[in-house]
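Chemist: For reference, this is my_file.cif, and it has mmCIF, C-alpha atoms and all ligand atoms.
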data_data
loop_
_atom_site.label_atom_id
_atom_site.label_comp_id
_atom_site.auth_asym_id
_atom_site.auth_seq_id
_atom_site.Cartn_x
_atom_site.Cartn_y
_atom_site.Cartn_z
CA MET A 1 0.00 0.00 0.00
CA THR A 2 1.12 3.55 -0.50
CA GLU A 3 0.71 6.18 2.20
CA ASN A 4 -2.53 7.51 0.71
CA GLY A 5 -4.12 4.09 1.00
CA GLU A 6 -3.97 3.02 -2.64
CA PHE A 7 -3.11 -0.61 -3.26
CA LYS A 8 0.00 -0.14 -5.40
CA HIS A 9 2.43 -2.53 -3.66
CA LEU A 10 2.06 -5.50 -1.33
CA VAL A 11 4.69 -5.13 1.36
CA ARG A 12 2.96 -5.62 4.73
CA THR A 13 -0.41 -6.94 5.89
CA LYS A 14 -0.91 -4.26 8.53
CA PHE A 15 -2.19 -1.70 6.02
CA LEU A 16 -4.52 -3.98 4.07
CA THR A 17 -8.17 -3.00 4.45
CA ARG A 18 -11.12 -5.37 4.80
CA PRO A 19 -12.65 -4.34 1.42
CA LEU A 20 -9.29 -4.99 -0.25
CA ILE A 21 -8.92 -8.40 1.41
CA ASP A 22 -12.45 -9.23 0.26
CA GLN A 23 -11.56 -8.11 -3.28
CA ILE A 24 -8.44 -10.33 -3.29
CA PHE A 25 -10.43 -13.33 -2.06
CA THR A 26 -13.29 -12.84 -4.53
CA GLU A 27 -10.73 -12.60 -7.30
CA ALA A 28 -8.91 -15.70 -5.96
CA ASP A 29 -12.20 -17.64 -6.06
CA LEU A 30 -12.46 -16.70 -9.72
CA MET A 31 -8.82 -17.65 -10.31
CA GLU A 32 -9.48 -21.09 -8.81
CA ARG A 33 -12.08 -21.54 -11.52
CA VAL A 34 -9.64 -20.28 -14.15
CA LEU A 35 -7.09 -22.84 -12.93
CA ASN A 36 -9.78 -25.49 -13.17
CA PHE A 37 -10.88 -24.51 -16.69
CA ARG A 38 -10.74 -28.05 -18.04
CA GLU A 39 -13.67 -29.03 -15.81
CA ASP A 40 -15.47 -25.68 -15.93
CA ALA A 41 -16.60 -24.88 -19.47
CA GLU A 42 -18.27 -21.61 -18.38
CA ILE A 43 -14.94 -20.04 -17.42
CA ARG A 44 -13.09 -20.75 -20.68
CA ASP A 45 -14.09 -17.59 -22.51
CA TYR A 46 -13.10 -15.43 -19.54
CA ARG A 47 -9.77 -17.24 -19.24
CA LYS A 48 -9.11 -16.66 -22.92
CA ARG A 49 -9.84 -12.92 -22.69
CA LEU A 50 -7.73 -12.59 -19.55
CA ARG A 51 -4.73 -14.34 -21.11
CA GLN A 52 -5.13 -12.28 -24.27
CA GLU A 53 -4.96 -9.06 -22.24
CA PHE A 54 -1.76 -10.18 -20.47
CA GLN A 55 -0.20 -11.25 -23.76
CA GLU A 56 -1.24 -8.17 -25.72
CA LYS A 57 0.18 -5.87 -23.05
CA GLY A 58 3.35 -8.01 -22.98
CA ILE A 59 3.27 -8.34 -19.21
CA ILE A 60 6.49 -9.57 -17.59
CA VAL A 61 6.67 -10.61 -13.94
CA MET A 62 10.14 -10.68 -12.38
CA THR A 63 10.94 -12.90 -9.41
CA LEU A 64 14.02 -11.39 -7.82
CA PHE A 65 15.02 -13.77 -5.05
CA VAL A 66 18.01 -12.89 -2.92
CA GLU A 67 17.15 -15.54 -0.31
CA GLU A 68 16.40 -19.22 -0.86
CA SER A 69 12.92 -20.40 -1.81
CA LEU A 70 11.25 -23.08 -3.84
CA ARG A 71 7.51 -22.95 -3.25
CA THR A 72 7.02 -19.21 -3.14
CA ARG A 73 9.02 -18.56 -6.31
CA PHE A 74 7.40 -21.40 -8.24
CA SER A 75 3.99 -20.33 -7.02
CA PHE A 76 4.49 -16.73 -8.23
CA GLU A 77 5.91 -17.87 -11.55
CA CYS A 78 3.14 -20.40 -11.97
CA ALA A 79 0.56 -17.68 -11.17
CA ALA A 80 2.13 -15.36 -13.76
CA ILE A 81 2.27 -18.04 -16.45
CA ARG A 82 -1.31 -19.15 -15.79
CA LEU A 83 -2.42 -15.54 -16.24
CA GLY A 84 -0.66 -15.37 -19.59
CA ALA A 85 2.34 -13.29 -18.46
CA SER A 86 6.00 -14.09 -19.09
CA THR A 87 8.52 -14.42 -16.28
CA LEU A 88 12.07 -13.30 -15.64
CA SER A 89 13.71 -14.96 -12.71
CA THR A 90 16.79 -15.12 -10.56
CA GLU A 91 16.80 -17.53 -7.66
CA ASN A 92 20.06 -16.55 -6.05
CA ALA A 93 20.46 -12.87 -6.76
CA ALA A 94 23.04 -12.44 -4.02
CA ARG A 95 25.38 -14.61 -6.07
CA PHE A 96 24.22 -14.39 -9.66
CA SER A 97 23.27 -10.73 -10.01
CA SER A 98 25.22 -7.49 -9.81
CA MET A 99 24.45 -7.53 -6.10
CA ALA A 100 27.43 -9.90 -5.93
CA LYS A 101 29.48 -7.00 -7.32
CA GLY A 102 28.15 -4.72 -4.62
CA GLU A 103 25.21 -3.10 -6.39
CA SER A 104 22.61 -1.62 -4.07
CA LEU A 105 19.08 -2.99 -3.97
CA GLU A 106 17.85 0.47 -5.00
CA HIS A 107 19.91 0.49 -8.21
CA THR A 108 18.85 -3.06 -9.10
CA ILE A 109 15.19 -2.12 -8.67
CA MET A 110 15.56 1.18 -10.52
CA VAL A 111 17.03 -0.57 -13.54
CA ALA A 112 14.56 -3.47 -13.48
CA SER A 113 11.50 -1.29 -13.01
CA GLY A 114 12.36 1.54 -15.39
CA LYS A 115 13.02 4.35 -12.91
CA ALA A 116 16.51 4.77 -14.28
CA PHE A 117 15.52 4.77 -17.96
CA THR A 118 12.26 6.38 -18.95
CA ASN A 119 12.14 4.32 -22.14
CA HIS A 120 12.85 0.86 -20.79
CA ARG A 121 12.00 -1.61 -18.09
CA TYR A 122 12.57 -5.31 -17.68
CA ALA A 123 9.40 -6.09 -15.76
CA ASP A 124 5.89 -4.81 -15.06
CA LEU A 125 5.83 -6.24 -11.54
CA ILE A 126 8.65 -7.36 -9.23
CA VAL A 127 8.34 -10.11 -6.64
CA LEU A 128 11.20 -9.62 -4.19
CA ARG A 129 12.55 -11.96 -1.56
CA HIS A 130 15.39 -10.59 0.51
CA THR A 131 17.45 -11.43 3.58
CA GLU A 132 17.00 -8.01 5.18
CA GLU A 133 13.94 -6.79 7.05
CA GLY A 134 12.62 -3.65 5.36
CA ALA A 135 14.11 -4.50 1.94
CA ALA A 136 10.73 -4.56 0.19
CA LYS A 137 9.85 -1.15 1.61
CA ARG A 138 13.14 0.25 0.31
CA ALA A 139 12.45 -1.28 -3.09
CA MET A 140 8.93 0.18 -3.13
CA LYS A 141 10.29 3.69 -2.64
CA VAL A 142 12.33 3.64 -5.86
CA SER A 143 10.29 1.29 -8.01
CA GLY A 144 8.40 2.26 -11.15
CA VAL A 145 6.29 -0.94 -10.96
CA PRO A 146 4.44 -2.80 -8.19
CA ILE A 147 6.60 -4.56 -5.60
CA ILE A 148 5.36 -7.71 -3.90
CA ASN A 149 7.22 -8.66 -0.75
CA ALA A 150 7.85 -12.42 -0.90
CA GLY A 151 9.62 -12.37 2.47
CA ASP A 152 12.07 -9.82 3.88
CA GLY A 153 14.34 -11.55 6.37
CA PRO A 154 12.58 -11.97 9.72
CA GLY A 155 10.14 -9.20 8.72
CA GLU A 156 6.97 -10.04 6.82
CA HIS A 157 5.56 -12.41 4.24
CA PRO A 158 2.19 -10.90 3.28
CA THR A 159 1.27 -13.20 0.38
CA GLN A 160 1.79 -16.21 2.65
CA ALA A 161 -0.55 -14.66 5.24
CA LEU A 162 -3.18 -14.02 2.57
CA LEU A 163 -3.01 -17.61 1.39
CA ASP A 164 -3.13 -18.76 5.03
CA LEU A 165 -6.29 -16.76 5.67
CA TYR A 166 -7.74 -17.95 2.37
CA THR A 167 -7.07 -21.53 3.56
CA ILE A 168 -8.91 -20.81 6.82
CA ARG A 169 -11.81 -19.32 4.87
CA LYS A 170 -12.04 -22.36 2.59
CA GLU A 171 -11.16 -25.18 4.97
CA LEU A 172 -12.69 -23.90 8.20
CA GLY A 173 -15.46 -22.08 6.39
CA ARG A 174 -15.12 -18.72 8.15
CA THR A 175 -12.71 -15.86 8.80
CA GLU A 176 -14.36 -14.64 12.02
CA ASP A 177 -15.14 -16.24 15.37
CA PHE A 178 -12.48 -18.91 15.54
CA SER A 179 -9.36 -19.63 17.57
CA ILE A 180 -5.88 -20.28 16.26
CA ALA A 181 -2.64 -21.47 17.85
CA MET A 182 0.58 -20.23 16.26
CA VAL A 183 3.43 -22.42 17.40
CA GLY A 184 7.22 -22.31 17.10
CA ASP A 185 9.82 -19.64 16.44
CA LEU A 186 7.50 -16.63 16.68
CA LEU A 187 10.35 -14.15 16.93
CA ASN A 188 11.92 -14.94 13.56
CA GLY A 189 8.97 -16.46 11.73
CA ARG A 190 7.80 -13.79 9.29
CA THR A 191 4.69 -15.73 8.25
CA ILE A 192 3.43 -15.48 11.82
CA HIS A 193 3.96 -11.72 11.91
CA SER A 194 2.03 -11.12 8.70
CA LEU A 195 -0.73 -13.52 9.67
CA ALA A 196 -1.26 -11.99 13.12
CA TYR A 197 -1.52 -8.44 11.69
CA LEU A 198 -3.99 -9.75 9.13
CA LEU A 199 -6.14 -11.75 11.57
CA ALA A 200 -6.32 -8.69 13.84
CA LYS A 201 -8.74 -7.18 11.31
CA PHE A 202 -11.30 -9.94 11.81
CA LYS A 203 -13.92 -10.10 14.55
CA GLY A 204 -13.82 -12.76 17.22
CA VAL A 205 -10.43 -14.27 16.34
CA LYS A 206 -8.62 -15.62 19.39
CA MET A 207 -4.86 -16.01 18.98
CA TYR A 208 -2.72 -18.30 21.12
CA PHE A 209 1.01 -17.77 20.65
CA VAL A 210 2.96 -20.84 21.78
CA SER A 211 6.73 -20.46 21.94
CA ASP A 212 9.80 -20.65 24.11
CA PRO A 213 10.03 -17.47 26.27
CA ARG A 214 13.07 -16.33 24.26
CA PHE A 215 11.17 -16.63 20.96
CA ARG A 216 7.94 -14.79 21.68
CA ILE A 217 6.30 -12.40 19.21
CA LYS A 218 7.96 -9.01 18.76
CA GLU A 219 7.02 -6.09 20.96
CA GLY A 220 5.63 -4.08 18.02
CA LEU A 221 3.11 -6.80 17.19
CA ARG A 222 2.17 -7.25 20.86
CA GLN A 223 1.48 -3.51 21.20
CA TYR A 224 -0.53 -3.49 17.97
CA LEU A 225 -2.74 -6.32 19.21
CA ILE A 226 -3.26 -4.59 22.56
CA GLU A 227 -4.10 -1.25 20.92
CA ASN A 228 -6.56 -2.93 18.58
CA GLU A 229 -8.17 -4.87 21.43
CA VAL A 230 -7.45 -8.24 19.86
CA TRP A 231 -7.86 -11.29 22.08
CA PHE A 232 -4.48 -13.04 22.42
CA THR A 233 -2.44 -14.94 24.93
CA GLU A 234 1.19 -16.06 25.03
CA LYS A 235 1.97 -19.57 26.26
CA THR A 236 5.60 -20.24 27.01
CA ARG A 237 5.67 -23.45 29.07
CA PRO A 238 6.36 -26.68 27.10
CA GLU A 239 3.31 -28.34 28.64
CA ASP A 240 1.05 -25.57 27.27
CA PHE A 241 1.47 -26.94 23.75
CA LYS A 242 -0.83 -29.92 24.21
CA ASP A 243 -3.39 -27.93 26.19
CA VAL A 244 -3.68 -25.28 23.51
CA VAL A 245 -3.63 -27.39 20.35
CA THR A 246 -6.43 -29.59 21.62
CA LYS A 247 -8.82 -26.67 22.10
CA VAL A 248 -8.39 -24.42 19.04
CA HIS A 249 -9.94 -24.50 15.57
CA ALA A 250 -6.68 -24.05 13.68
CA VAL A 251 -3.15 -25.09 14.61
CA TYR A 252 -0.43 -23.23 12.69
CA MET A 253 2.92 -24.94 13.23
CA THR A 254 6.18 -23.32 12.12
CA ARG A 255 9.78 -24.46 11.95
CA VAL A 256 12.62 -23.00 14.02
CA GLN A 257 14.12 -20.49 11.60
CA LYS A 258 17.54 -22.15 11.46
CA ASN A 259 18.74 -19.74 8.75
CA ARG A 260 18.38 -16.82 11.19
CA PHE A 261 20.87 -18.40 13.63
CA ASN A 262 24.64 -18.24 13.40
CA LEU A 263 25.26 -21.90 14.13
CA GLU A 264 29.04 -21.34 14.14
CA ASP A 265 28.58 -19.44 17.39
CA PRO A 266 28.50 -22.02 20.25
CA GLU A 267 25.97 -20.00 22.28
CA GLN A 268 23.54 -19.65 19.37
CA LEU A 269 24.00 -23.31 18.51
CA ARG A 270 23.16 -24.19 22.11
CA ILE A 271 19.99 -22.08 22.02
CA PHE A 272 18.98 -23.50 18.63
CA ARG A 273 19.40 -27.07 19.89
CA SER A 274 17.41 -26.32 23.04
CA ILE A 275 14.32 -25.23 21.10
CA ARG A 276 14.63 -27.30 17.93
CA GLU A 277 12.43 -30.15 19.14
CA LEU A 278 10.24 -28.31 21.60
CA TYR A 279 6.98 -28.78 19.70
CA VAL A 280 6.29 -31.89 17.65
CA MET A 281 2.94 -32.77 16.14
CA ASP A 282 2.45 -36.52 15.99
CA ARG A 283 -0.55 -38.63 15.06
CA GLU A 284 -1.77 -38.96 18.63
CA LEU A 285 -1.83 -35.20 19.12
CA ALA A 286 -3.46 -34.61 15.73
CA ASP A 287 -6.14 -37.11 16.78
CA ALA A 288 -6.64 -35.13 20.00
CA MET A 289 -7.25 -31.85 18.14
CA LEU A 290 -10.92 -30.79 17.86
CA LEU A 291 -12.81 -32.91 15.37
CA ASP A 292 -13.27 -30.07 12.85
CA ALA A 293 -9.91 -28.42 13.51
CA ILE A 294 -7.31 -27.95 10.79
CA LEU A 295 -3.55 -28.35 10.93
CA MET A 296 -1.56 -25.78 8.95
CA HIS A 297 2.12 -25.05 8.26
CA PRO A 298 3.62 -22.56 5.76
CA MET A 299 6.23 -25.20 4.84
CA PRO A 300 9.04 -26.21 4.57
CA ILE A 301 8.79 -28.64 7.49
CA ASP A 302 12.33 -29.18 8.73
CA SER A 303 13.13 -32.86 8.31
CA ALA A 304 16.77 -32.38 7.33
CA ASP A 305 18.44 -33.20 10.67
CA SER A 306 18.48 -36.90 11.48
CA GLU A 307 19.24 -35.86 15.05
CA PHE A 308 15.93 -34.00 15.50
CA LYS A 309 12.34 -34.82 14.70
CA PRO A 310 10.50 -32.65 12.17
CA GLU A 311 7.94 -30.33 13.78
CA ILE A 312 5.20 -32.33 12.07
CA LEU A 313 5.93 -36.05 11.77
CA PRO A 314 5.46 -37.70 8.34
CA GLU A 315 2.80 -39.95 9.90
CA VAL A 316 0.55 -36.85 10.01
CA ASP A 317 0.93 -36.03 6.28
CA PHE A 318 -2.34 -37.73 5.35
CA HIS A 319 -4.23 -37.17 8.60
CA PRO A 320 -7.79 -35.94 7.98
CA LYS A 321 -7.05 -32.69 9.87
CA THR A 322 -3.91 -31.95 7.85
CA ARG A 323 -4.18 -29.03 5.44
CA PHE A 324 -0.63 -27.86 4.74
CA LEU A 325 -0.48 -29.27 1.21
CA THR A 326 -3.88 -27.82 0.34
CA GLN A 327 -2.67 -24.57 1.93
CA ALA A 328 0.38 -24.47 -0.37
CA GLY A 329 -1.96 -25.08 -3.30
CA TYR A 330 -3.97 -21.96 -2.45
CA GLY A 331 -0.81 -19.96 -3.16
CA ASP A 332 -1.52 -20.06 -6.89
CA PRO A 333 -5.03 -18.54 -7.04
CA THR A 334 -4.30 -15.95 -4.35
CA ARG A 335 -1.06 -14.85 -6.06
CA MET A 336 -2.82 -14.71 -9.42
CA ALA A 337 -5.41 -12.43 -7.78
CA GLU A 338 -2.76 -10.18 -6.18
CA THR A 339 -0.75 -9.93 -9.42
CA LYS A 340 -3.82 -9.11 -11.48
CA ILE A 341 -5.22 -6.48 -9.10
CA LEU A 342 -1.87 -4.70 -8.73
CA LEU A 343 -1.36 -4.57 -12.51
CA GLU A 344 -4.89 -3.20 -12.92
CA ASN A 345 -4.25 -0.57 -10.27
CA TRP A 346 -1.14 0.59 -12.15
CA GLY A 347 -3.04 0.67 -15.42
CA SER A 348 -0.70 -1.94 -16.92
CA ILE A 349 -3.67 -4.10 -17.92
CA ASP A 350 -7.35 -3.33 -18.44
CA ARG A 351 -9.81 -4.92 -16.08
CA ILE A 352 -11.38 -7.95 -17.77
CA GLU A 353 -14.83 -8.82 -16.42
CA PRO A 354 -16.04 -12.43 -16.31
C1 LIG B 1 8.18 -19.54 4.86
C2 LIG B 1 9.15 -18.38 4.71
O1 LIG B 1 9.92 -18.34 3.74
O2 LIG B 1 9.09 -17.51 5.55
N1 LIG B 1 8.21 -20.36 3.73
C3 LIG B 1 7.33 -20.06 2.73
O3 LIG B 1 7.48 -19.08 2.04
N2 LIG B 1 6.28 -20.86 2.59
C4 LIG B 1 8.31 -20.28 6.11
C5 LIG B 1 9.67 -20.80 6.50
O4 LIG B 1 10.64 -20.67 5.77
O5 LIG B 1 9.74 -21.37 7.59
#
Have the structure of the file written as structure tokens, please.

Modeler:
Amino acid sequence: MTENGEFKHLVRTKFLTRPLIDQIFTEADLMERVLNFREDAEIRDYRKRLRQEFQEKGIIVMTLFVEESLRTRFSFECAAIRLGASTLSTENAARFSSMAKGESLEHTIMVASGKAFTNHRYADLIVLRHTEEGAAKRAMKVSGVPIINAGDGPGEHPTQALLDLYTIRKELGRTEDFSIAMVGDLLNGRTIHSLAYLLAKFKGVKMYFVSDPRFRIKEGLRQYLIENEVWFTEKTRPEDFKDVVTKVHAVYMTRVQKNRFNLEDPEQLRIFRSIRELYVMDRELADAMLLDAILMHPMPIDSADSEFKPEILPEVDFHPKTRFLTQAGYGDPTRMAETKILLENWGSIDRIEP
């Protein structure tokens, strides 16, 4: 969002309004039908006109990823391609772009988005993932095209939060009057930050934050929730985990953000090891969740260390309450919706009505 409230970039969830969230979700519903065009004959003409508009305007979406990702980048590129856009991509910009030669983020964005040359740009929309908190905001300030924040260090991940809420809407059937437990590394987990700011806009949402005392939510978020009179509680004793997850409607597990630790430092390694296996969802616990409850995770689930259990055991992958794969799948329609609306708002494409 820009300061005057126009939806020109997607950098944080805090400034999204309810009408805008509704617009994104309505559009995402339509995009689900577009994705399903083989089974839905009625949508084919609309899909054709939409793709024609993207192709005629020569829309290019750039995924500029300075930090590692698989799902988010593929999901954005898939969304762009399904809309009829072309993609330009770098998956390790820190190494393979001029950033490796010391170029500033600002200069990279100015060149890519046409601020430096009035007669040329590489892309009509830039999806940026960066290691530094605040990077997307910096990019937004100098960009001549919409910026979508696909994760800025331990900061925010707004498109993940939107797909998380979309999952809740589809799989739980409502976005108000429900309870959710967010579990894990709440200090470094950017998906949690964006999701909590987003959920704060909905009536009757009760948030339980379950973490080690050293990895609680940040003070800024806590203050925001207090100021906005949002119901929340922080649970920091290991035994709270079971209590909480068996009484809420949605359980949102997260991994310990290993990449935010300096594991060469013995003290940080010690802290990492002490929290790595604090919360593990197994079949027994999934069974004990409320009958209609859903189990979410932004993924990846950390199953790389043979020494530690993953935060959700593989035996839960196909549990009836499990939704994390479905959740990842909702990334495509929601990102198609966000891409389309932003390009419309910049006048880069005309609005095509179904
Ligand atoms: C998340 C991220 O990058 O913040 N992954 C994702 O985009 N789905 C979560 C994580 O890495 O733990």

Chemist: Counting only C-alpha atoms and all ligand atoms, name the residues that have an atom within 7 Å of an atom of ligand LIG 1 (chain B); the answer should be given as a count of residues only.

Modeler: 15

Chemist: Between atom CA of A:Gln55 and atom CA of A:Cys78, measure the distance and give it in Å to one decimal.

Modeler: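 Taking atom CA of A:Gln55 as the start and atom CA of A:Cys78 as the end point, the length is 15.3 Å.
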
Chemist: Give me the stretch 35-81 of chain A side of the contact with stretch 324-337 of chain A, cut-off 7 Å, one line per residue showing its nearest atom pair and distance in Å at one decimal, counting all atoms listed in the file, sorted by chain and residue number, as JSON lines.

Modeler:
{"residue": "A:Ser75", "atom": "CA", "partner": "A:Asp332", "partner_atom": "CA", "distance": 5.5}
{"residue": "A:Phe76", "atom": "CA", "partner": "A:Arg335", "partner_atom": "CA", "distance": 6.2}
{"residue": "A:Cys78", "atom": "CA", "partner": "A:Asp332", "partner_atom": "CA", "distance": 6.9}
{"residue": "A:Ala79", "atom": "CA", "partner": "A:Met336", "partner_atom": "CA", "distance": 4.8}
{"residue": "A:Ala80", "atom": "CA", "partner": "A:Met336", "partner_atom": "CA", "distance": 6.6}

Chemist: Write out as number ranges by chain which residues come within 9 Å of A:Pro238 when counting all atoms listed in the file, dropping same-chain ones fewer than 4 positions away.

Modeler: A: 210-212, 242, 278-279

Chemist: Return as JSON the box centre and box size in Å, one decimal, for an axis-aligned box around all listed atoms of stretch 117-132 of chain A padded by 5 Å per side.

Modeler:
{"center_x": 11.6, "center_y": -2.8, "center_z": -8.5, "size_x": 21.6, "size_y": 28.3, "size_z": 37.3}

Chemist: Dump as a PyMOL selection string all residues having an atom at most 12 Å from (-1.8, -30.7, 26.9), computed in the file's coordinates with only C-alpha atoms.

Modeler: chain A and resi 235+237-247+279+281+284-286+288-289

Chemist: Counting only C-alpha atoms, which residue out of A:Glu267, A:Pro354, A:Glu106, A:Trp346 sits closest to A:Val34?

Modeler: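 The shortest atom-to-atom distance to A:Val34 comes from A:Pro354.
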
Chemist: Which one of A:Phe261, A:Phe272, A:Tyr46, A:Phe54 sits closest to A:Lys340 if you count all atoms listed in the file?

Modeler: A:Phe54

Chemist: Please identify all polymer residues within 7 Å of A:Leu186, counting only C-alpha atoms, omitting same-chain residues fewer than 2 positions from it, and present them as a PDB file with C-alpha atoms, in the coordinates of the input.

Modeler:
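Generated output (result06.pdb):
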ATOM      1  CA  GLY A 184       7.220 -22.310  17.100  1.00  0.00           C
ATOM      2  CA  ASN A 188      11.920 -14.940  13.560  1.00  0.00           C
ATOM      3  CA  GLY A 189       8.970 -16.460  11.730  1.00  0.00           C
ATOM      4  CA  ILE A 192       3.430 -15.480  11.820  1.00  0.00           C
ATOM      5  CA  SER A 211       6.730 -20.460  21.940  1.00  0.00           C
ATOM      6  CA  PHE A 215      11.170 -16.630  20.960  1.00  0.00           C
ATOM      7  CA  ARG A 216       7.940 -14.790  21.680  1.00  0.00           C
ATOM      8  CA  ILE A 217       6.300 -12.400  19.210  1.00  0.00           C
TER       9      ILE A 217
END

Chemist: Please, what distance in Å, to one decimal, runs between atom CA of A:Lys321 and atom CA of A:Leu195?

Modeler: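 Going from atom CA of A:Lys321 over to atom CA of A:Leu195, I get 20.2 Å.
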